[in-house]
Amino acid sequence: MPPSVAGRARLGREGRGTKMDFDGLEETMTGGWRQFISDGEGPITKNDNAFELCSELIKNGGAFFKVISKYDDVLADILQRPNYKAGDTLRLILPFLKAYGATDSWMLEFSRKNIVTVPGARKTMRFVQEFMTPFIVATSYEHYISAVCDAIGFPLENTYSTALDLDSVKMEPWETDMLKRYAQEIAQIGEIRVPDSARSIEDLKPRDREAIKRLDEIFWEELTDLASYQLILDVNPVGGEEKASAVLDIRRRTGIGLEDTVYVGDSITDVQAFQLVREGGGLTVSFNGNEYALREAEYAVISDNTVITSVLAEAFHKAGMEGISSLVEDWSLEGLRSSGLVNPYLMREFERVFPDKPPTVARITPHNMKSLTRQSLAFRRSVRGETIGALG
């Protein structure tokens, strides 16, 4: 790996278990007795880096990635297949990226050139460092997170992401050709539709069940003898349980409890982390989240600027969950001004960004879940684009 993506938290696979090595918290961190943990893509950037890598390099790569992404949702959420977790899309696509010429240096450079941050993200991530211990826990490849840290001025040492050494695998020409043929077959499968009410494979239509069956054959039978399959076996994306493990590791390293933790996420890869922090009494925030995030987070934010994240972080720092509850109950510009939980500088910034009324912030309940999901999904697509916004 390039030196710039070394010296940070890395997750590696040892059989079914997970080994976590943390090279040490940055000694100069200014954070206090609460901590702030955020996903990368969604709450900080508009990108879906893996989708963009596939679209750039693989023929029909966008269609290819969408099929794999939906397959990932089915395996993780519906079938709940052993040894598989949300976010493992990032290991399934690797042999194909390799076949089309991806290298570690190319992935890093591509990521640097194509970062699109959510408005306000750089200010927010710098702001929270003034009074909280900050971390990014992302499913994304470490190449991308390294580039994000450079773009927003965030300490790389305080990040968790998917470790990858793509250059370590060598591929013969015949294997390259075979993988390219498989990539085109997968791209031609077309959209896999999963009903919201689906709880088993039988809830899918016959065509979609056949698509899942064919993907099972490709990934768990036909590719297993290829040299590049080692990437699928060895790479352990930081999604699902690994994100929850990262949160626990952060708690152990900082000594800050879950009740003093903010976790911001937006997708299926954040579900277990949301569950962990919420059960521990911390603050869980879905930022323009999809249905999986809204199902598990306690609060929903629908916004095109992260200044709202700054407001919630400061309120939590000053007054904990009681402060958040009070703030959201009287969610208005006047309520924010009179709360005493938002400093004057941040309040001026907030009113500059939202001069008429604040963006949607609500506690998620069974009564408003469907409405918030519709609003959040629609806004998610408008902010991140129709294709990326629809991904799990």
# chains A, B, ... in the order shown; residues from 1 in each chain; ligands from 1
$ select_by_dssp --residues "range 134-287 of chain A" --states "helix (DSSP H, G or I)" --output "MDAnalysis selection string"
chainID A and resid 142:152 156:158 166:168 173:187 201:203 206:222 229:234 241:254 258:260 268:279
$ atom_distance --atom1 "CA of Asn83 in chain A" --atom2 "CA of Leu231 in chain A"
15.3 Å
$ residues_around --residues "Thr89 in chain A" --least-positions-apart "5" --cutoff "10 Å" --atoms "only C-alpha atoms" --output "short mmCIF file (atom, residue, chain, number, x, y, z; two decimals) with N, CA and C atoms, in the first residue's frame"
data_model
loop_
_atom_site.label_atom_id
_atom_site.label_comp_id
_atom_site.auth_asym_id
_atom_site.auth_seq_id
_atom_site.Cartn_x
_atom_site.Cartn_y
_atom_site.Cartn_z
N ALA A 50 -17.13 2.89 -4.28
CA ALA A 50 -17.06 1.59 -4.94
C ALA A 50 -17.87 1.59 -6.24
N PHE A 51 -19.06 2.19 -6.19
CA PHE A 51 -19.87 2.32 -7.42
C PHE A 51 -19.12 3.13 -8.47
N PHE A 65 -22.46 -3.05 -10.72
CA PHE A 65 -22.41 -2.76 -9.29
C PHE A 65 -23.80 -2.78 -8.66
N LYS A 66 -24.80 -2.27 -9.34
CA LYS A 66 -26.14 -2.25 -8.77
C LYS A 66 -26.67 -3.66 -8.51
N VAL A 67 -26.33 -4.59 -9.40
CA VAL A 67 -26.74 -5.98 -9.19
C VAL A 67 -26.06 -6.55 -7.94
N ILE A 68 -24.75 -6.33 -7.82
CA ILE A 68 -24.00 -6.85 -6.67
C ILE A 68 -24.49 -6.21 -5.38
N SER A 69 -24.77 -4.91 -5.41
CA SER A 69 -25.23 -4.20 -4.22
C SER A 69 -26.56 -4.76 -3.72
N LYS A 70 -27.49 -5.01 -4.63
CA LYS A 70 -28.78 -5.56 -4.22
C LYS A 70 -28.63 -7.00 -3.74
N TYR A 71 -27.75 -7.74 -4.37
CA TYR A 71 -27.43 -9.10 -3.92
C TYR A 71 -26.91 -9.05 -2.48
N ASP A 72 -26.06 -8.10 -2.20
CA ASP A 72 -25.52 -7.89 -0.85
C ASP A 72 -26.66 -7.64 0.14
N ASP A 73 -27.62 -6.80 -0.22
CA ASP A 73 -28.75 -6.53 0.67
C ASP A 73 -29.52 -7.80 0.98
N TYR A 84 -21.44 -13.72 6.26
CA TYR A 84 -21.66 -12.64 5.28
C TYR A 84 -22.31 -11.47 6.02
N LEU A 94 -13.94 -7.01 -6.11
CA LEU A 94 -12.49 -6.83 -6.26
C LEU A 94 -11.86 -7.63 -7.41
N THR A 139 -17.12 1.84 5.72
CA THR A 139 -16.96 0.61 4.95
C THR A 139 -16.00 0.82 3.78
N ILE A 232 -11.49 -12.05 -2.32
CA ILE A 232 -12.79 -12.26 -1.68
C ILE A 232 -12.63 -12.93 -0.32
N PRO A 237 -14.44 -6.17 4.61
CA PRO A 237 -15.01 -4.81 4.66
C PRO A 237 -15.53 -4.45 6.05
N GLY A 239 -18.14 -3.30 7.60
CA GLY A 239 -19.58 -3.09 7.53
C GLY A 239 -20.26 -3.99 8.54
#
$ atom_distance --atom1 "CA of Thr309 in chain A" --atom2 "CA of Met125 in chain A"
9.3 Å
$ residues_around --residues "Lys243 in chain A" --least-positions-apart "2" --cutoff "10 Å" --atoms "only C-alpha atoms" --output "VMD selection string"
chain A and resid 39 137 to 139 160 to 161 237 to 241 245 to 249 269 to 274 276
$ residues_around --residues "Ala102 in chain A" --least-positions-apart "4" --cutoff "9 Å" --atoms "only C-alpha atoms" --output "CSV table (one decimal) with N, CA and C atoms, in the first residue's frame"
chain,number,residue,atom,x,y,z
A,53,LEU,N,-15.9,3.6,-8.8
A,53,LEU,CA,-14.7,2.8,-9.3
A,53,LEU,C,-15.2,1.9,-10.4
A,57,LEU,N,-14.2,2.0,-14.5
A,57,LEU,CA,-13.3,1.0,-15.0
A,57,LEU,C,-13.9,-0.1,-15.7
A,94,LEU,N,-13.9,-7.0,-6.1
A,94,LEU,CA,-12.5,-6.8,-6.3
A,94,LEU,C,-11.9,-7.6,-7.4
A,96,PHE,N,-13.0,-8.4,-10.2
A,96,PHE,CA,-13.5,-7.7,-11.4
A,96,PHE,C,-12.7,-6.4,-11.6
A,97,LEU,N,-12.6,-5.6,-10.6
A,97,LEU,CA,-11.8,-4.4,-10.7
A,97,LEU,C,-10.4,-4.7,-11.1
A,98,LYS,N,-9.8,-5.8,-10.5
A,98,LYS,CA,-8.5,-6.2,-10.8
A,98,LYS,C,-8.4,-6.6,-12.3
A,106,TRP,N,-3.9,3.7,-8.5
A,106,TRP,CA,-5.0,4.2,-9.4
A,106,TRP,C,-6.2,4.5,-8.5
A,107,MET,N,-6.5,3.6,-7.6
A,107,MET,CA,-7.7,3.8,-6.7
A,107,MET,C,-7.5,5.0,-5.8
A,166,LEU,N,-4.5,-4.5,-3.2
A,166,LEU,CA,-4.9,-5.1,-4.5
A,166,LEU,C,-3.7,-5.5,-5.4
A,167,ASP,N,-2.6,-4.9,-5.2
A,167,ASP,CA,-1.4,-5.2,-6.0
A,167,ASP,C,-0.8,-6.5,-5.7
